[in-house]
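Structure file target09.cif (mmCIF, C-alpha atoms and all ligand atoms) follows.
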```
data_data
#
loop_
_atom_site.label_atom_id
_atom_site.label_comp_id
_atom_site.auth_asym_id
_atom_site.auth_seq_id
_atom_site.Cartn_x
_atom_site.Cartn_y
_atom_site.Cartn_z
CA MET N 27 107.77 126.59 70.62
CA SER N 28 104.78 125.53 72.65
CA ALA N 29 104.06 121.91 73.50
CA ALA N 30 101.78 120.42 70.83
CA THR N 31 100.38 116.88 70.62
CA PHE N 32 103.35 114.58 71.11
CA GLY N 33 105.21 113.92 67.87
CA THR N 34 103.39 116.39 65.62
CA GLU N 35 105.61 119.44 65.89
CA PHE N 36 109.08 119.29 64.35
CA ALA N 37 112.19 121.40 64.44
CA PRO N 38 112.73 122.90 60.95
CA VAL N 39 115.96 120.96 60.39
CA MET N 40 116.78 117.27 60.49
CA ALA N 41 120.16 115.53 60.31
CA THR N 42 120.87 112.94 57.63
CA THR N 43 123.59 110.60 56.40
CA GLY N 44 123.44 108.02 53.65
CA PHE N 45 125.17 104.74 52.87
CA ASP N 46 125.83 103.99 49.18
CA GLY N 47 126.95 100.41 49.66
CA VAL N 48 130.53 101.45 50.35
CA GLY N 49 130.66 104.36 52.78
CA TRP N 50 128.57 106.76 54.79
CA THR N 51 128.32 110.42 53.83
CA GLU N 52 129.11 113.32 56.15
CA VAL N 53 126.18 114.40 58.31
CA GLN N 54 124.02 117.04 56.64
CA LEU N 55 121.40 119.33 58.12
CA THR N 56 118.42 119.65 55.79
CA PRO N 57 114.83 120.95 55.96
CA SER N 58 112.73 118.49 57.96
CA ASP N 59 109.49 118.81 56.00
CA SER N 60 110.22 116.44 53.13
CA LEU N 61 112.23 113.45 52.05
CA GLU N 62 112.67 112.52 48.43
CA LEU N 63 112.43 108.76 47.90
CA HIS N 64 112.08 106.55 44.87
CA PRO N 65 108.69 104.79 44.97
CA ALA N 66 110.50 101.43 44.83
CA THR N 67 112.48 102.17 48.02
CA HIS N 68 113.15 98.88 49.84
CA ALA N 69 111.84 100.11 53.22
CA LEU N 70 108.46 101.03 51.73
CA HIS N 71 107.91 97.53 50.32
CA TYR N 72 109.83 95.14 52.51
CA GLY N 73 109.83 96.78 55.91
CA SER N 74 113.57 97.44 56.18
CA SER N 75 113.28 100.23 58.73
CA CYS N 76 114.03 100.75 62.39
CA PHE N 77 114.16 103.74 64.68
CA GLU N 78 115.04 105.09 68.09
CA GLY N 79 113.36 107.51 70.47
CA LEU N 80 115.40 109.49 72.97
CA LYS N 81 115.15 112.82 74.71
CA ALA N 82 117.56 115.70 75.19
CA HIS N 83 117.03 117.90 78.23
CA ARG N 84 118.12 121.42 79.09
CA GLN N 85 120.58 121.31 82.00
CA PRO N 86 120.98 123.90 84.79
CA ASP N 87 123.98 125.42 82.91
CA GLY N 88 121.84 125.93 79.81
CA SER N 89 123.40 123.13 77.75
CA VAL N 90 121.17 120.46 76.14
CA VAL N 91 122.16 116.86 76.84
CA ALA N 92 120.63 113.64 75.48
CA PHE N 93 119.71 111.04 78.09
CA ARG N 94 121.75 107.83 77.84
CA GLN N 95 122.48 108.40 74.16
CA SER N 96 125.01 105.55 73.99
CA ARG N 97 122.33 103.02 74.92
CA HIS N 98 120.01 104.24 72.19
CA VAL N 99 122.79 104.28 69.59
CA ALA N 100 123.77 100.73 70.51
CA ARG N 101 120.14 99.61 70.23
CA LEU N 102 119.74 101.27 66.82
CA ARG N 103 122.80 99.39 65.63
CA SER N 104 121.50 96.08 66.92
CA SER N 105 118.08 96.74 65.34
CA ALA N 106 119.88 97.40 62.03
CA GLU N 107 121.73 94.12 62.37
CA GLY N 108 118.50 92.22 63.00
CA LEU N 109 116.95 93.73 59.87
CA CYS N 110 120.07 93.08 57.73
CA LEU N 111 120.43 96.85 57.21
CA PRO N 112 123.82 98.57 56.91
CA GLN N 113 124.96 99.38 60.46
CA PRO N 114 125.89 103.02 60.91
CA PRO N 115 129.11 103.39 62.97
CA THR N 116 128.59 104.51 66.57
CA GLU N 117 130.63 107.71 66.08
CA LEU N 118 128.55 108.64 63.04
CA VAL N 119 125.22 108.27 64.87
CA ASP N 120 126.65 110.25 67.79
CA ASP N 121 127.77 112.96 65.37
CA LEU N 122 124.34 113.00 63.71
CA LEU N 123 122.58 113.40 67.06
CA ASP N 124 125.08 115.93 68.40
CA GLN N 125 124.71 118.11 65.31
CA LEU N 126 120.92 117.88 65.44
CA ILE N 127 120.88 118.82 69.13
CA ALA N 128 123.30 121.71 68.57
CA SER N 129 121.25 123.09 65.69
CA THR N 130 117.95 122.85 67.56
CA ALA N 131 119.18 123.64 71.08
CA GLU N 132 117.38 126.99 71.25
CA LEU N 133 114.09 125.24 70.41
CA THR N 134 114.40 122.89 73.38
CA PRO N 135 111.71 123.72 75.95
CA ASP N 136 112.80 124.16 79.55
CA PRO N 137 112.13 121.23 81.90
CA PRO N 138 109.82 119.40 82.26
CA GLY N 139 109.77 119.84 78.48
CA SER N 140 112.52 118.37 76.31
CA LEU N 141 113.62 117.68 72.76
CA TYR N 142 112.44 114.26 71.54
CA LEU N 143 114.84 112.82 68.95
CA ARG N 144 113.81 110.23 66.38
CA PRO N 145 116.69 108.66 64.44
CA THR N 146 115.28 106.47 61.66
CA LEU N 147 117.19 104.04 59.47
CA ILE N 148 115.68 102.85 56.19
CA GLY N 149 116.82 100.57 53.38
CA THR N 150 116.91 102.61 50.17
CA ASP N 151 117.72 100.13 47.39
CA THR N 152 115.36 100.87 44.52
CA SER N 153 114.31 97.39 43.42
CA ILE N 154 110.95 95.78 43.92
CA GLY N 155 112.60 92.51 42.94
CA ALA N 156 114.69 92.54 46.13
CA ALA N 157 112.14 90.90 48.41
CA ALA N 158 114.56 88.19 49.51
CA HIS N 159 117.61 90.44 49.70
CA PRO N 160 118.72 93.01 52.23
CA SER N 161 119.04 96.61 51.11
CA ARG N 162 122.69 97.41 50.35
CA THR N 163 122.07 101.13 50.65
CA ALA N 164 120.48 103.06 53.49
CA LEU N 165 119.45 106.45 54.75
CA LEU N 166 119.70 107.49 58.39
CA TYR N 167 117.82 110.64 59.33
CA ALA N 168 116.91 112.10 62.69
CA LEU N 169 113.96 114.36 63.45
CA ALA N 170 113.70 116.55 66.54
CA CYS N 171 110.40 117.41 68.27
CA PRO N 172 110.14 119.99 71.04
CA VAL N 173 107.81 118.29 73.54
CA GLY N 174 106.17 119.11 76.85
CA ASP N 175 105.80 116.83 79.85
CA TYR N 176 103.83 114.19 77.96
CA LEU N 177 101.57 112.14 80.17
CA PRO N 178 98.29 110.50 79.10
CA ALA N 179 95.29 112.17 80.71
CA GLY N 180 94.20 110.03 83.68
CA GLU N 181 94.99 106.41 84.34
CA LEU N 182 95.26 103.95 81.50
CA THR N 183 93.19 100.85 80.85
CA ILE N 184 95.15 97.91 79.50
CA ALA N 185 93.86 94.57 78.26
CA VAL N 186 95.92 91.43 78.81
CA GLU N 187 96.33 89.32 75.67
CA THR N 188 97.51 85.74 76.14
CA SER N 189 96.88 84.23 72.72
CA ARG N 190 97.84 86.73 70.02
CA PRO N 191 101.57 87.50 70.11
CA ARG N 192 102.93 91.06 69.87
CA THR N 193 105.63 89.98 67.44
CA THR N 194 108.00 87.09 66.79
CA PRO N 195 110.96 86.07 68.99
CA GLN N 196 113.49 87.16 66.32
CA PHE N 197 111.94 90.65 66.21
CA GLY N 198 111.10 91.06 69.90
CA ARG N 199 114.16 93.19 70.69
CA ILE N 200 114.14 95.16 67.44
CA LYS N 201 112.64 98.65 67.42
CA THR N 202 110.93 98.44 64.05
CA GLY N 203 107.67 99.67 62.58
CA ALA N 204 106.85 96.08 61.65
CA ASN N 205 106.25 95.28 65.33
CA TYR N 206 103.82 98.17 65.67
CA ALA N 207 102.01 97.11 62.51
CA MET N 208 101.75 93.56 63.85
CA ALA N 209 100.28 94.65 67.18
CA LEU N 210 97.85 97.19 65.78
CA ALA N 211 94.85 94.97 64.97
CA THR N 212 95.07 93.43 68.45
CA ILE N 213 95.15 96.88 70.06
CA GLU N 214 92.22 98.07 67.92
CA ARG N 215 90.23 95.00 68.95
CA ALA N 216 90.94 95.65 72.65
CA ARG N 217 89.93 99.27 72.17
CA THR N 218 86.60 98.21 70.67
CA LEU N 219 85.86 95.32 73.04
CA HIS N 220 87.19 96.72 76.31
CA ASP N 221 87.72 100.46 75.79
CA ALA N 222 91.39 99.70 76.44
CA ASP N 223 94.19 102.17 75.70
CA GLN N 224 96.80 99.49 75.17
CA VAL N 225 97.33 95.73 75.18
CA LEU N 226 99.66 93.99 77.59
CA PHE N 227 100.97 90.99 75.67
CA ALA N 228 101.42 87.86 77.75
CA ALA N 229 101.91 84.89 75.45
CA ASP N 230 101.43 81.62 77.38
CA GLY N 231 100.37 83.65 80.42
CA ILE N 232 103.79 85.26 81.00
CA LEU N 233 103.94 89.07 80.91
CA GLN N 234 106.02 90.65 78.13
CA GLU N 235 105.20 94.32 77.38
CA THR N 236 102.55 96.47 75.74
CA GLY N 237 102.59 97.50 72.09
CA ALA N 238 104.90 100.43 72.84
CA SER N 239 106.23 100.28 76.39
CA ASN N 240 107.62 98.07 79.12
CA VAL N 241 105.63 97.35 82.27
CA VAL N 242 106.52 97.59 85.96
CA LEU N 243 104.57 96.47 89.03
CA LEU N 244 105.12 98.62 92.10
CA ASP N 245 104.38 99.17 95.74
CA GLU N 246 106.10 101.32 98.33
CA HIS N 247 109.00 98.90 98.75
CA ALA N 248 109.18 96.87 95.56
CA LEU N 249 109.51 97.12 91.80
CA LEU N 250 108.79 93.93 89.89
CA THR N 251 109.27 93.65 86.13
CA PRO N 252 109.66 90.85 83.59
CA ALA N 253 113.23 89.55 83.22
CA LEU N 254 114.92 90.38 79.93
CA ASP N 255 114.34 87.88 77.14
CA ASN N 256 113.92 88.03 73.36
CA SER N 257 110.17 88.62 73.52
CA PHE N 258 110.25 92.32 74.33
CA LEU N 259 112.18 95.52 73.76
CA HIS N 260 114.88 96.21 76.32
CA GLY N 261 113.85 99.70 77.31
CA VAL N 262 116.29 102.34 78.49
CA THR N 263 113.61 103.71 80.82
CA ARG N 264 113.10 100.27 82.34
CA ASP N 265 116.83 99.90 82.92
CA SER N 266 117.11 103.43 84.35
CA LEU N 267 114.30 102.74 86.85
CA LEU N 268 115.91 99.46 87.90
CA GLN N 269 119.07 101.41 88.73
CA LEU N 270 117.34 104.38 90.40
CA ALA N 271 114.66 102.62 92.46
CA PRO N 272 117.09 101.20 95.07
CA THR N 273 118.26 104.77 95.85
CA LEU N 274 114.65 105.43 96.98
CA GLY N 275 114.55 102.33 99.15
CA ILE N 276 112.63 100.35 96.54
CA GLY N 277 113.93 96.82 96.01
CA VAL N 278 113.95 95.61 92.41
CA THR N 279 113.20 92.15 91.05
CA GLU N 280 113.44 90.97 87.44
CA ARG N 281 111.83 87.61 86.81
CA PRO N 282 109.08 85.96 84.75
CA ILE N 283 105.65 87.16 85.98
CA THR N 284 102.42 85.28 85.31
CA VAL N 285 99.04 86.87 84.63
CA GLU N 286 97.75 85.29 87.89
CA GLU N 287 100.54 87.03 89.81
CA LEU N 288 99.61 90.31 88.15
CA VAL N 289 95.98 89.91 89.23
CA ASP N 290 97.12 89.09 92.78
CA TRP N 291 99.52 92.05 92.85
CA ILE N 292 96.94 94.63 91.79
CA SER N 293 94.36 93.38 94.32
CA ARG N 294 96.50 94.79 97.14
CA PRO N 295 95.54 98.32 98.27
CA ASP N 296 99.01 99.83 97.74
CA ALA N 297 99.65 98.22 94.35
CA GLU N 298 100.61 100.39 91.37
CA VAL N 299 101.29 99.50 87.74
CA ALA N 300 103.08 101.72 85.23
CA LEU N 301 103.89 101.60 81.54
CA VAL N 302 107.44 102.83 81.07
CA GLY N 303 109.18 104.32 78.04
CA THR N 304 110.98 107.44 76.89
CA ALA N 305 107.91 109.44 75.83
CA ALA N 306 105.82 109.29 79.03
CA VAL N 307 108.58 108.08 81.41
CA LEU N 308 106.05 106.30 83.68
CA ALA N 309 102.31 106.30 82.93
CA PRO N 310 99.96 104.96 85.63
CA VAL N 311 97.58 102.10 84.82
CA GLY N 312 94.21 102.20 86.59
CA THR N 313 92.39 99.22 85.11
CA ILE N 314 93.57 95.87 83.81
CA VAL N 315 91.21 93.68 81.78
CA VAL N 316 91.84 89.94 82.06
CA ASP N 317 89.56 87.53 80.17
CA GLY N 318 87.02 90.31 79.80
CA ARG N 319 86.99 91.05 83.55
CA ARG N 320 87.99 94.51 84.73
CA HIS N 321 90.32 94.77 87.73
CA ASN N 322 91.21 98.02 89.48
CA VAL N 323 94.89 98.53 90.24
CA GLY N 324 95.18 99.03 94.00
CA THR N 325 92.45 100.73 95.96
CA ALA N 326 94.30 103.85 97.03
CA GLY N 327 94.73 105.13 93.48
CA PHE N 328 97.29 107.75 94.40
CA ASN N 329 100.17 106.35 92.33
CA ARG N 330 102.56 107.75 94.92
CA VAL N 331 105.49 105.51 94.01
CA ILE N 332 105.03 106.22 90.30
CA GLU N 333 105.12 109.96 91.06
CA ARG N 334 108.29 109.61 93.13
CA LEU N 335 110.09 107.54 90.53
CA ARG N 336 108.97 109.83 87.71
CA HIS N 337 110.12 112.91 89.61
CA THR N 338 113.47 111.31 90.39
CA LEU N 339 114.19 110.11 86.85
CA ILE N 340 113.25 113.49 85.35
CA ALA N 341 115.47 115.25 87.94
CA VAL N 342 118.39 113.07 86.82
CA GLN N 343 117.62 113.70 83.14
CA THR N 344 117.51 117.46 83.64
CA GLY N 345 120.70 117.52 85.69
CA ASP N 346 118.96 118.58 88.89
CA GLN N 347 120.06 115.41 90.63
CA PRO N 348 123.38 113.68 90.01
CA PHE N 349 123.35 109.98 89.16
CA VAL N 350 125.78 107.89 87.14
CA PHE N 351 124.18 104.97 85.32
CA ASP N 352 126.02 101.70 84.94
CA GLU N 353 126.22 101.42 81.14
CA ALA N 354 127.80 97.98 81.31
CA ARG N 355 124.66 96.25 82.57
C1 LIG C 1 110.65 102.12 72.44
C2 LIG C 1 109.90 101.00 73.05
C3 LIG C 1 109.88 100.79 74.44
C4 LIG C 1 110.48 101.74 75.45
O1 LIG C 1 111.87 101.83 75.35
P1 LIG C 1 112.64 103.06 76.00
O2 LIG C 1 114.05 102.82 75.64
O3 LIG C 1 112.40 103.03 77.46
O4 LIG C 1 112.07 104.30 75.37
C5 LIG C 1 109.23 99.66 74.92
N1 LIG C 1 108.61 98.81 74.08
C6 LIG C 1 108.60 98.99 72.74
C7 LIG C 1 107.90 98.00 71.89
C8 LIG C 1 109.24 100.08 72.18
O5 LIG C 1 109.21 100.25 70.86
#
```
Encoding of this model in structure tokens:
Amino acid sequence: MSAATFGTEFAPVMATTGFDGVGWTEVQLTPSDSLELHPATHALHYGSSCFEGLKAHRQPDGSVVAFRQSRHVARLRSSAEGLCLPQPPTELVDDLLDQLIASTAELTPDPPGSLYLRPTLIGTDTSIGAAAHPSRTALLYALACPVGDYLPAGELTIAVETSRPRTTPQFGRIKTGANYAMALATIERARTLHDADQVLFAADGILQETGASNVVLLDEHALLTPALDNSFLHGVTRDSLLQLAPTLGIGVTERPITVEELVDWISRPDAEVALVGTAAVLAPVGTIVVDGRRHNVGTAGFNRVIERLRHTLIAVQTGDQPFVFDEAR
């Protein structure tokens, strides 16, 4: 398969398992082009849905291996818990992903392409009277998308938002569509007002993340990123970069970062800023809008450190460079 627009081309099969209130069914492989749901399905009315996004990469020996799958499975389970959804057992989600990867392995593009996997968990109780009750039943299905080396064309423009929140503290670490829905009007407004691609949320002037990715500040010797708290999603890409950067002589710091510090940081010639997440790995930011004022990021504009980190992380993902991540962090 060729590389289409990210997320629009799907492998013909998906993997599914269901929970009937008592137990989970065996994993099934079914056609990926439709899903039969009762119109009263809990997730459609009351937002009981969460998902993951991870990539599987073809290795030098031809096998296809998902990157840090255990982290993504653990996060899916904690998202489920936060949404009061039935939690699929770790071994079951692993089995679901392994079967999906095995059945779509030959559709996985060679590096820098990969197979993007999208496990999705939805509450399936059929009662529109269940607004104040969790769904007792659930469906877990995973789609697979053959993808190319997805990188937005050119540098991104992001607008800093200090008053409207991205989401609530109890949902900050949950990967749920509700968070995207909540951020959307703010992103649309920034697009209209500032021609921005994304919004960097910074409630009370402290950086959190954008609507869909974590943020890192860089120069040749340093990586600075907000310290983990309940306001933003704890990205696997973020964690991977924090572990890899020191091997390139880049010192890492996790701490609260103010908007003023961000403006100071990007005024230096060698400053770089990247949005980080599974889909794009690292995407360079060229312009940051603060209070309606546009600031260029650095003056060199080469994004050299971003390129190095991106190259290194992809080399690890594709098995071209050995690296063992600390999964206990
Ligand atoms: C998925 C996601 C990220 C990135 O997480 P990764 O594990 O690196 O892919 C960051 N922020 C939000 C809001 C997300 O949904």
Exercise. Using all atoms listed in the file, which of N:Val225, N:Ile232, N:Ile314, N:Ala128 sits nearest ligand LIG 1 (chain C)?
Worked result: N:Val225
Problem set entry | Of the listed residues N:Pro310, N:Gly108, N:Gly198, N:Pro272, that which approaches ligand LIG 1 (chain C) most closely, counting all atoms listed in the file |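 Closest to ligand LIG 1 (chain C), using all atoms listed in the file: N:Gly198.
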Stretch 325-354 of chain N near stretch 74-91 of chain N within 9 Å: what's each residue's closest atom pair and its distance in Å to one decimal, counting only C-alpha atoms, ordered by chain then ascending residue number, as JSON lines?
```
{"residue": "N:Gln343", "atom": "CA", "partner": "N:His83", "partner_atom": "CA", "distance": 6.5}
{"residue": "N:Thr344", "atom": "CA", "partner": "N:Gln85", "partner_atom": "CA", "distance": 5.2}
{"residue": "N:Gly345", "atom": "CA", "partner": "N:Gln85", "partner_atom": "CA", "distance": 5.3}
{"residue": "N:Asp346", "atom": "CA", "partner": "N:Pro86", "partner_atom": "CA", "distance": 7.0}
```
Problem set entry | One-decimal distance in Å that lies between atom CA of N:Thr202 and atom CA of N:Ala66 | 19.5 Å
Problem set entry | Site check for ligand LIG 1 (chain C): residues at most 7 Å away, only C-alpha atoms and all ligand atoms, as a ChimeraX atom specification | /N:78-80,201,235-240,258-264,302-305
For this session: Would you mind reading off the distance between atom CA of N:Val285 and atom CA of N:Glu181, one decimal, in Å?
Result: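 Computing it gives 20.0 Å between the two atoms.
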Exercise. Skipping near chain neighbours, those fewer than 6 positions away, what residues fall within 8 Å of N:Ala185 using all atoms listed in the file, listed as a VMD selection string?
Worked result: chain N and resid 216 220 222 224 to 226 314 to 316
Could those residues be written to a file, using C-alpha atoms, as an mmCIF file, in the coordinates of the input?
```cif
data_model
loop_
_atom_site.group_PDB
_atom_site.id
_atom_site.type_symbol
_atom_site.label_atom_id
_atom_site.label_comp_id
_atom_site.auth_asym_id
_atom_site.auth_seq_id
_atom_site.Cartn_x
_atom_site.Cartn_y
_atom_site.Cartn_z
ATOM 1 C CA ALA N 216 90.940 95.650 72.650
ATOM 2 C CA HIS N 220 87.190 96.720 76.310
ATOM 3 C CA ALA N 222 91.390 99.700 76.440
ATOM 4 C CA GLN N 224 96.800 99.490 75.170
ATOM 5 C CA VAL N 225 97.330 95.730 75.180
ATOM 6 C CA LEU N 226 99.660 93.990 77.590
ATOM 7 C CA ILE N 314 93.570 95.870 83.810
ATOM 8 C CA VAL N 315 91.210 93.680 81.780
ATOM 9 C CA VAL N 316 91.840 89.940 82.060
#
```
